[in-house]
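Asker: Quick one: this structure, given as C-alpha coordinates, is what I'll be asking you about.
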Amino acid sequence: MLIILPFCFSAGVKTGSVAKESSGDGQVHSCVSGSRAHLGSVLKWSHHPQPAESRRPHPAGQLHCRRNMASESSAATGNMANEGGNETANVANEVKKNLFKNVNLNSGINNIEHLTSQISMNRLIVRRGQPFKLTFDLFEPFNEELDPLLISATTGPHVLEVQGSLSLLSPVQPSASAKAWKMELHESSLPESGILSLMLTPGADVPIGKYTLNAKYKDEESEVAEVVVLFNPWCPDDTVYLCCQKEKQEYVMNEQGIIYRGSVHYIMPLDWNFGQFEEEMVDICLKLLDVNLKHKEDPAADVVCRCDPIYVGRIVSAMINNEDDLGILQGNWSGDYSGGKPPTHWSGSVEILQLWYKNNCKQVKYGQCWVFAGVMCTVMRLLGIPCRVVTNFESAYDNHGNVIIDVFYDKDGAMNEKNDDGI
(Lines give C-alpha, C1' and ligand atoms only; values in the text may rest on other atoms or scores of the structure.)
Protein backbone atom coordinates (compact mmCIF):
# COMPACT_ATOMS: atom_id res chain seq x y z
CA MET A 1 0.00 0.00 0.00
CA LEU A 2 1.43 3.36 -0.98
CA ILE A 3 0.23 6.62 0.45
CA ILE A 4 0.61 10.03 -1.13
CA LEU A 5 1.27 12.65 1.53
CA PRO A 6 0.74 16.23 0.40
CA PHE A 7 1.94 18.52 3.15
CA CYS A 8 -1.46 20.12 3.47
CA PHE A 9 -2.91 16.78 4.60
CA SER A 10 -2.44 15.05 7.91
CA ALA A 11 -1.46 11.41 7.88
CA GLY A 12 -0.46 8.80 10.39
CA VAL A 13 0.99 5.29 10.41
CA LYS A 14 -0.20 2.73 12.90
CA THR A 15 2.14 2.00 15.75
CA GLY A 16 4.28 -1.00 14.97
CA SER A 17 3.87 -0.75 11.20
CA VAL A 18 6.85 -0.50 8.94
CA ALA A 19 7.02 2.46 6.57
CA LYS A 20 9.59 4.20 4.44
CA GLU A 21 9.27 7.51 2.67
CA SER A 22 10.49 8.09 -0.84
CA SER A 23 13.01 10.87 -1.22
CA GLY A 24 15.67 12.01 -3.61
CA ASP A 25 18.48 11.08 -1.27
CA GLY A 26 16.91 7.86 0.01
CA GLN A 27 16.62 9.22 3.55
CA VAL A 28 13.53 9.12 5.72
CA HIS A 29 11.97 12.49 6.45
CA SER A 30 9.27 13.44 8.91
CA CYS A 31 5.74 14.44 7.92
CA VAL A 32 4.15 17.78 8.66
CA SER A 33 0.43 18.37 8.71
CA GLY A 34 -2.11 21.12 8.92
CA SER A 35 -4.40 22.70 6.37
CA ARG A 36 -6.58 25.71 5.83
CA ALA A 37 -9.34 26.14 3.31
CA HIS A 38 -10.54 29.49 2.02
CA LEU A 39 -13.55 29.98 -0.20
CA GLY A 40 -14.43 33.43 -1.47
CA SER A 41 -16.76 34.92 -4.01
CA VAL A 42 -16.70 38.39 -5.51
CA LEU A 43 -13.34 39.51 -6.88
CA LYS A 44 -12.51 43.10 -7.79
CA TRP A 45 -9.17 44.82 -8.15
CA SER A 46 -7.74 48.30 -8.19
CA HIS A 47 -4.51 49.27 -9.87
CA HIS A 48 -3.93 52.25 -7.59
CA PRO A 49 -0.43 51.94 -6.06
CA GLN A 50 -0.44 50.45 -2.58
CA PRO A 51 1.52 51.88 0.36
CA ALA A 52 4.97 50.38 0.64
CA GLU A 53 4.20 48.99 4.07
CA SER A 54 1.24 47.01 2.71
CA ARG A 55 3.24 45.20 0.06
CA ARG A 56 4.05 41.67 1.06
CA PRO A 57 7.77 40.82 0.91
CA HIS A 58 8.95 37.71 -0.86
CA PRO A 59 9.06 34.64 1.40
CA ALA A 60 12.26 33.94 3.21
CA GLY A 61 14.58 31.71 1.27
CA GLN A 62 13.05 32.55 -2.08
CA LEU A 63 16.03 34.56 -3.26
CA HIS A 64 18.21 31.51 -2.64
CA CYS A 65 15.82 29.46 -4.78
CA ARG A 66 15.95 32.02 -7.52
CA ARG A 67 19.71 31.89 -7.67
CA ASN A 68 19.55 28.12 -7.96
CA MET A 69 16.89 28.35 -10.63
CA ALA A 70 18.90 30.92 -12.53
CA SER A 71 21.93 28.66 -12.64
CA GLU A 72 19.85 25.62 -13.60
CA SER A 73 18.22 27.57 -16.42
CA SER A 74 21.38 29.28 -17.70
CA ALA A 75 20.93 27.97 -21.22
CA ALA A 76 17.38 29.28 -21.37
CA THR A 77 18.08 32.62 -19.74
CA GLY A 78 20.91 33.27 -22.16
CA ASN A 79 18.28 33.61 -24.88
CA MET A 80 15.82 35.56 -22.77
CA ALA A 81 16.32 38.83 -24.63
CA ASN A 82 15.44 37.23 -27.94
CA GLU A 83 12.51 35.34 -26.41
CA GLY A 84 11.15 38.53 -24.89
CA GLY A 85 11.26 40.30 -28.25
CA ASN A 86 9.59 37.43 -30.08
CA GLU A 87 7.01 37.07 -27.36
CA THR A 88 6.14 40.77 -27.49
CA ALA A 89 5.69 40.62 -31.25
CA ASN A 90 3.55 37.50 -31.10
CA VAL A 91 1.24 38.90 -28.45
CA ALA A 92 1.01 42.24 -30.24
CA ASN A 93 -0.26 40.51 -33.38
CA GLU A 94 -3.23 39.23 -31.41
CA VAL A 95 -4.12 42.57 -29.85
CA LYS A 96 -6.14 45.09 -31.78
CA LYS A 97 -3.92 47.80 -33.23
CA ASN A 98 -6.06 50.55 -31.76
CA LEU A 99 -5.41 49.25 -28.25
CA PHE A 100 -1.65 48.82 -27.76
CA LYS A 101 1.53 48.88 -29.77
CA ASN A 102 2.91 45.92 -27.83
CA VAL A 103 2.21 43.78 -24.77
CA ASN A 104 5.21 42.11 -23.17
CA LEU A 105 4.43 39.23 -20.81
CA ASN A 106 8.03 39.11 -19.51
CA SER A 107 7.59 35.34 -19.29
CA GLY A 108 11.27 34.52 -18.89
CA ILE A 109 11.83 36.89 -15.97
CA ASN A 110 8.44 36.20 -14.36
CA ASN A 111 8.91 32.44 -14.52
CA ILE A 112 12.34 32.66 -12.89
CA GLU A 113 10.86 34.81 -10.12
CA HIS A 114 8.03 32.30 -9.62
CA LEU A 115 10.28 29.22 -9.81
CA THR A 116 8.51 27.88 -12.88
CA SER A 117 11.26 28.40 -15.46
CA GLN A 118 12.01 24.67 -15.41
CA ILE A 119 8.53 24.19 -16.85
CA SER A 120 8.86 26.86 -19.54
CA MET A 121 10.65 30.09 -20.36
CA ASN A 122 8.09 31.15 -22.98
CA ARG A 123 4.73 30.36 -21.45
CA LEU A 124 3.65 32.57 -18.53
CA ILE A 125 3.29 30.33 -15.45
CA VAL A 126 3.04 32.01 -12.05
CA ARG A 127 2.28 31.11 -8.46
CA ARG A 128 -0.55 32.61 -6.48
CA GLY A 129 0.14 35.23 -3.81
CA GLN A 130 3.16 36.59 -5.70
CA PRO A 131 3.26 39.50 -8.21
CA PHE A 132 4.26 39.25 -11.84
CA LYS A 133 4.94 42.00 -14.37
CA LEU A 134 3.25 42.87 -17.66
CA THR A 135 4.35 45.79 -19.85
CA PHE A 136 1.90 47.67 -22.08
CA ASP A 137 3.08 50.06 -24.80
CA LEU A 138 0.27 52.47 -25.72
CA PHE A 139 0.06 54.65 -28.83
CA GLU A 140 -0.34 57.78 -26.70
CA PRO A 141 0.24 59.07 -23.16
CA PHE A 142 -1.84 57.33 -20.51
CA ASN A 143 -4.38 59.41 -18.58
CA GLU A 144 -6.25 57.32 -16.05
CA GLU A 145 -8.97 59.90 -15.48
CA LEU A 146 -9.81 60.29 -19.17
CA ASP A 147 -9.28 56.74 -20.39
CA PRO A 148 -8.95 54.16 -17.61
CA LEU A 149 -7.42 50.77 -18.32
CA LEU A 150 -9.53 47.84 -17.12
CA ILE A 151 -8.29 44.25 -16.96
CA SER A 152 -10.26 41.12 -16.21
CA ALA A 153 -9.01 37.64 -15.36
CA THR A 154 -11.27 34.66 -16.04
CA THR A 155 -10.93 30.93 -15.55
CA GLY A 156 -13.24 28.01 -16.28
CA PRO A 157 -16.05 27.53 -18.80
CA HIS A 158 -18.71 29.42 -16.78
CA VAL A 159 -17.39 32.86 -15.90
CA LEU A 160 -19.28 34.26 -12.93
CA GLU A 161 -17.91 36.94 -10.63
CA VAL A 162 -20.09 35.80 -7.75
CA GLN A 163 -18.55 32.32 -7.91
CA GLY A 164 -14.92 33.39 -8.07
CA SER A 165 -14.03 32.52 -11.67
CA LEU A 166 -14.03 36.18 -12.79
CA SER A 167 -11.79 38.95 -11.42
CA LEU A 168 -12.21 42.58 -12.39
CA LEU A 169 -9.47 45.20 -12.09
CA SER A 170 -11.18 48.50 -11.55
CA PRO A 171 -9.33 51.83 -11.32
CA VAL A 172 -11.95 53.27 -8.99
CA GLN A 173 -13.33 50.41 -6.92
CA PRO A 174 -10.93 48.48 -4.68
CA SER A 175 -11.61 44.86 -3.96
CA ALA A 176 -13.84 44.04 -1.01
CA SER A 177 -13.25 40.31 -1.35
CA ALA A 178 -10.78 38.22 0.59
CA LYS A 179 -10.17 36.25 -2.57
CA ALA A 180 -8.97 38.79 -5.11
CA TRP A 181 -6.31 39.68 -7.62
CA LYS A 182 -4.49 42.98 -7.21
CA MET A 183 -2.86 45.32 -9.69
CA GLU A 184 -0.64 48.37 -9.33
CA LEU A 185 1.61 50.50 -11.49
CA HIS A 186 5.29 49.62 -11.22
CA GLU A 187 7.72 52.46 -10.57
CA SER A 188 9.31 51.87 -13.98
CA SER A 189 6.11 52.99 -15.73
CA LEU A 190 6.20 56.12 -17.93
CA PRO A 191 2.53 57.11 -18.33
CA GLU A 192 3.43 60.30 -20.19
CA SER A 193 5.18 58.14 -22.80
CA GLY A 194 2.43 55.49 -22.86
CA ILE A 195 4.58 52.84 -21.14
CA LEU A 196 2.71 51.00 -18.39
CA SER A 197 4.44 48.36 -16.27
CA LEU A 198 1.73 46.61 -14.29
CA MET A 199 2.30 44.34 -11.30
CA LEU A 200 -0.49 41.77 -11.08
CA THR A 201 -0.86 39.51 -8.06
CA PRO A 202 -3.21 36.52 -7.99
CA GLY A 203 -4.66 36.22 -4.50
CA ALA A 204 -3.07 33.57 -2.29
CA ASP A 205 -6.36 31.67 -2.26
CA VAL A 206 -7.62 32.04 -5.84
CA PRO A 207 -8.44 28.86 -7.80
CA ILE A 208 -5.47 27.43 -9.65
CA GLY A 209 -5.65 26.84 -13.38
CA LYS A 210 -5.53 28.63 -16.71
CA TYR A 211 -6.62 32.27 -16.74
CA THR A 212 -7.37 34.58 -19.65
CA LEU A 213 -6.48 38.26 -19.20
CA ASN A 214 -8.55 40.75 -21.17
CA ALA A 215 -7.88 44.49 -21.38
CA LYS A 216 -10.48 47.19 -21.98
CA TYR A 217 -9.24 50.59 -23.09
CA LYS A 218 -11.18 53.38 -24.82
CA ASP A 219 -14.26 51.19 -25.17
CA GLU A 220 -12.26 48.53 -27.01
CA GLU A 221 -11.63 45.14 -25.44
CA SER A 222 -9.22 42.37 -26.41
CA GLU A 223 -7.46 39.32 -24.96
CA VAL A 224 -3.88 40.21 -24.04
CA ALA A 225 -2.51 37.16 -22.24
CA GLU A 226 -3.01 33.63 -21.00
CA VAL A 227 -1.49 32.79 -17.65
CA VAL A 228 -1.36 29.55 -15.67
CA VAL A 229 -1.64 30.00 -11.89
CA LEU A 230 -0.26 27.33 -9.52
CA PHE A 231 -0.17 26.82 -5.76
CA ASN A 232 2.70 28.60 -4.00
CA PRO A 233 4.53 26.81 -1.15
CA TRP A 234 6.87 29.83 -0.93
CA CYS A 235 4.02 32.20 0.01
CA PRO A 236 3.14 32.32 3.74
CA ASP A 237 -0.47 33.20 2.91
CA ASP A 238 -0.95 30.11 0.72
CA THR A 239 -2.40 27.02 2.40
CA VAL A 240 0.41 24.87 0.96
CA TYR A 241 3.17 27.03 2.47
CA LEU A 242 6.30 25.27 3.75
CA CYS A 243 8.83 27.19 5.81
CA CYS A 244 11.71 24.76 5.31
CA GLN A 245 13.69 25.45 2.15
CA LYS A 246 15.06 21.89 1.96
CA GLU A 247 11.56 20.45 2.09
CA LYS A 248 10.37 22.74 -0.72
CA GLN A 249 13.32 21.71 -2.83
CA GLU A 250 12.70 18.02 -2.16
CA TYR A 251 8.90 17.83 -2.26
CA VAL A 252 8.15 20.39 -5.00
CA MET A 253 11.21 20.89 -7.20
CA ASN A 254 12.95 17.49 -7.16
CA GLU A 255 12.14 15.45 -10.29
CA GLN A 256 13.95 12.28 -9.20
CA GLY A 257 13.25 10.08 -6.21
CA ILE A 258 13.04 6.62 -4.70
CA ILE A 259 9.94 4.49 -4.20
CA TYR A 260 10.22 1.49 -1.87
CA ARG A 261 8.72 -1.85 -2.93
CA GLY A 262 8.80 -5.45 -1.76
CA SER A 263 7.73 -6.88 1.57
CA VAL A 264 8.38 -6.06 5.21
CA HIS A 265 11.28 -8.53 5.26
CA TYR A 266 12.60 -7.67 1.80
CA ILE A 267 12.42 -3.94 1.06
CA MET A 268 13.65 -2.89 -2.38
CA PRO A 269 14.32 0.72 -3.50
CA LEU A 270 13.18 1.71 -6.98
CA ASP A 271 14.53 4.81 -8.73
CA TRP A 272 11.58 6.83 -10.04
CA ASN A 273 11.48 9.74 -12.47
CA PHE A 274 8.67 12.01 -11.32
CA GLY A 275 9.44 14.40 -14.20
CA GLN A 276 6.89 17.03 -13.18
CA PHE A 277 8.59 19.69 -15.30
CA GLU A 278 8.79 17.66 -18.51
CA GLU A 279 7.10 18.66 -21.78
CA GLU A 280 3.29 18.96 -21.73
CA MET A 281 3.02 18.37 -17.98
CA VAL A 282 1.09 21.61 -17.41
CA ASP A 283 -1.48 20.78 -20.09
CA ILE A 284 -1.71 17.16 -18.93
CA CYS A 285 -2.35 18.06 -15.29
CA LEU A 286 -4.91 20.75 -16.16
CA LYS A 287 -6.63 18.29 -18.50
CA LEU A 288 -6.80 15.79 -15.66
CA LEU A 289 -8.66 18.35 -13.54
CA ASP A 290 -11.02 19.25 -16.38
CA VAL A 291 -12.20 15.69 -17.11
CA ASN A 292 -12.96 14.65 -13.53
CA LEU A 293 -16.52 13.64 -12.66
CA LYS A 294 -17.23 16.64 -10.42
CA HIS A 295 -16.29 18.99 -13.25
CA LYS A 296 -18.77 17.24 -15.54
CA GLU A 297 -21.52 17.54 -12.94
CA ASP A 298 -20.95 21.22 -12.10
CA PRO A 299 -18.04 22.90 -13.93
CA ALA A 300 -18.41 26.27 -12.19
CA ALA A 301 -18.42 24.80 -8.67
CA ASP A 302 -15.49 22.52 -9.48
CA VAL A 303 -13.35 25.40 -10.78
CA VAL A 304 -14.07 27.54 -7.72
CA CYS A 305 -13.13 24.68 -5.39
CA ARG A 306 -9.67 24.46 -6.99
CA CYS A 307 -8.56 27.12 -4.52
CA ASP A 308 -8.40 24.31 -1.92
CA PRO A 309 -5.42 21.91 -2.10
CA ILE A 310 -7.36 19.26 -0.19
CA TYR A 311 -10.11 19.29 -2.81
CA VAL A 312 -7.55 19.20 -5.62
CA GLY A 313 -5.71 16.31 -3.95
CA ARG A 314 -8.89 14.27 -3.72
CA ILE A 315 -9.70 14.93 -7.37
CA VAL A 316 -6.21 13.88 -8.45
CA SER A 317 -6.36 10.75 -6.28
CA ALA A 318 -9.65 9.73 -7.89
CA MET A 319 -8.38 10.43 -11.41
CA ILE A 320 -5.21 8.34 -11.09
CA ASN A 321 -7.30 5.14 -10.94
CA ASN A 322 -9.41 4.41 -14.00
CA GLU A 323 -12.30 3.21 -11.83
CA ASP A 324 -13.41 6.81 -12.29
CA ASP A 325 -14.37 7.90 -15.78
CA LEU A 326 -11.33 8.73 -17.94
CA GLY A 327 -8.91 7.82 -15.13
CA ILE A 328 -5.23 7.41 -15.98
CA LEU A 329 -4.19 3.89 -14.90
CA GLN A 330 -5.90 0.53 -14.85
CA GLY A 331 -4.89 -1.61 -11.92
CA ASN A 332 -4.01 -5.26 -12.43
CA TRP A 333 -2.87 -7.77 -9.80
CA SER A 334 -3.79 -10.91 -11.74
CA GLY A 335 -0.37 -11.65 -13.23
CA ASP A 336 -1.85 -11.57 -16.75
CA TYR A 337 -0.81 -8.29 -18.36
CA SER A 338 -1.79 -9.00 -21.96
CA GLY A 339 -2.95 -5.90 -23.81
CA GLY A 340 -0.63 -3.66 -21.84
CA LYS A 341 2.60 -3.46 -19.89
CA PRO A 342 3.24 -5.05 -16.49
CA PRO A 343 3.47 -2.62 -13.57
CA THR A 344 7.16 -3.46 -13.21
CA HIS A 345 7.78 -1.97 -16.67
CA TRP A 346 7.39 1.60 -15.44
CA SER A 347 10.25 3.58 -13.91
CA GLY A 348 8.67 7.02 -14.08
CA SER A 349 5.45 8.99 -14.44
CA VAL A 350 6.12 10.93 -17.64
CA GLU A 351 5.52 8.13 -20.16
CA ILE A 352 2.29 7.13 -18.43
CA LEU A 353 0.87 10.65 -18.35
CA GLN A 354 1.87 11.40 -21.93
CA LEU A 355 0.28 8.16 -23.17
CA TRP A 356 -2.97 9.00 -21.39
CA TYR A 357 -2.99 12.55 -22.79
CA LYS A 358 -2.07 11.68 -26.38
CA ASN A 359 -4.60 8.83 -26.51
CA ASN A 360 -7.50 11.14 -25.62
CA CYS A 361 -7.64 10.19 -21.94
CA LYS A 362 -7.67 6.46 -22.59
CA GLN A 363 -6.57 4.36 -19.63
CA VAL A 364 -2.98 3.16 -19.51
CA LYS A 365 -2.45 -0.55 -18.78
CA TYR A 366 -1.27 -1.52 -16.17
CA GLY A 367 -0.41 -0.22 -12.71
CA GLN A 368 -0.19 -1.26 -9.10
CA CYS A 369 0.13 0.68 -5.83
CA TRP A 370 3.60 2.17 -6.30
CA VAL A 371 2.81 3.22 -9.88
CA PHE A 372 -0.38 5.00 -8.78
CA ALA A 373 1.59 6.76 -6.04
CA GLY A 374 4.42 7.85 -8.32
CA VAL A 375 2.06 9.32 -10.92
CA MET A 376 -0.01 11.17 -8.32
CA CYS A 377 3.13 12.63 -6.77
CA THR A 378 4.15 14.00 -10.18
CA VAL A 379 0.81 15.75 -10.69
CA MET A 380 0.75 17.23 -7.19
CA ARG A 381 4.29 18.61 -7.44
CA LEU A 382 3.56 20.20 -10.81
CA LEU A 383 0.48 21.92 -9.38
CA GLY A 384 2.61 23.26 -6.52
CA ILE A 385 1.40 21.02 -3.69
CA PRO A 386 4.40 19.65 -1.72
CA CYS A 387 4.15 15.89 -1.97
CA ARG A 388 6.04 12.66 -1.29
CA VAL A 389 5.47 8.92 -1.60
CA VAL A 390 5.38 6.72 1.50
CA THR A 391 5.33 2.90 1.35
CA ASN A 392 3.59 1.02 4.16
CA PHE A 393 4.52 -2.66 4.38
CA GLU A 394 2.02 -3.77 7.04
CA SER A 395 -1.34 -2.34 6.05
CA ALA A 396 -4.70 -2.78 7.75
CA TYR A 397 -7.55 -4.00 5.56
CA ASP A 398 -11.05 -2.98 6.58
CA ASN A 399 -13.22 -4.93 4.15
CA HIS A 400 -16.43 -4.25 6.10
CA GLY A 401 -16.13 -0.47 5.76
CA ASN A 402 -16.78 0.17 9.47
CA VAL A 403 -13.34 1.74 10.16
CA ILE A 404 -12.62 -1.14 12.58
CA ILE A 405 -10.39 -4.18 12.16
CA ASP A 406 -12.74 -7.01 13.12
CA VAL A 407 -11.29 -10.26 14.45
CA PHE A 408 -13.67 -13.13 15.30
CA TYR A 409 -13.11 -16.09 17.64
CA ASP A 410 -15.14 -19.24 18.15
CA LYS A 411 -16.51 -20.44 21.49
CA ASP A 412 -13.23 -22.21 22.25
CA GLY A 413 -11.19 -19.05 21.78
CA ALA A 414 -9.71 -20.05 18.44
CA MET A 415 -9.44 -17.36 15.79
CA ASN A 416 -11.91 -17.74 12.96
CA GLU A 417 -10.06 -18.40 9.71
CA LYS A 418 -12.76 -16.59 7.74
CA ASN A 419 -11.87 -13.16 9.11
CA ASP A 420 -12.12 -10.69 6.23
CA ASP A 421 -10.22 -7.87 7.95
CA GLY A 422 -6.60 -8.04 8.85
CA ILE A 423 -3.15 -6.45 8.90
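Ordered as shown in the C-alpha coordinates, chains take letters A, B, and onward, while each chain numbers its residues from 1 and ligands are numbered from 1 in the order shown.
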Do a neighbour search on Arg381 (chain A) at 10 Å with only C-alpha atoms, toss out local chain neighbours closer than 6 positions, and write the hits as a list in words.
Answerer: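 Residues near the query, excluding close chain neighbours: Pro6, Phe231, Lys248, Glu250, Tyr251, Val252, Met253, Asn254, Glu255, Phe274, Gly275, Gln276, Phe277, Cys387 and Arg388 of chain A.
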Asker: In region 149-346 of chain A, what's helix (DSSP H, G or I) per DSSP? Answer as a PyMOL selection string?
Answerer: chain A and resi 161-163+191-193+245-253+281-290+293-297+299-305+309-320+343-345
Asker: Of the candidates A:Glu226, A:Asp137, A:Glu279, A:Asp237, which one gets nearest to Arg123 (chain A) if we count only C-alpha atoms?
Answerer: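 Closest to Arg123 (chain A), using only C-alpha atoms: A:Glu226.
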Asker: Can you list, as a count of residues only, every protein, DNA or RNA residue that comes within 10 Å of Asp302 (chain A) when you count only C-alpha atoms, leaving out same-chain residues fewer than 2 positions away?
Answerer: 20
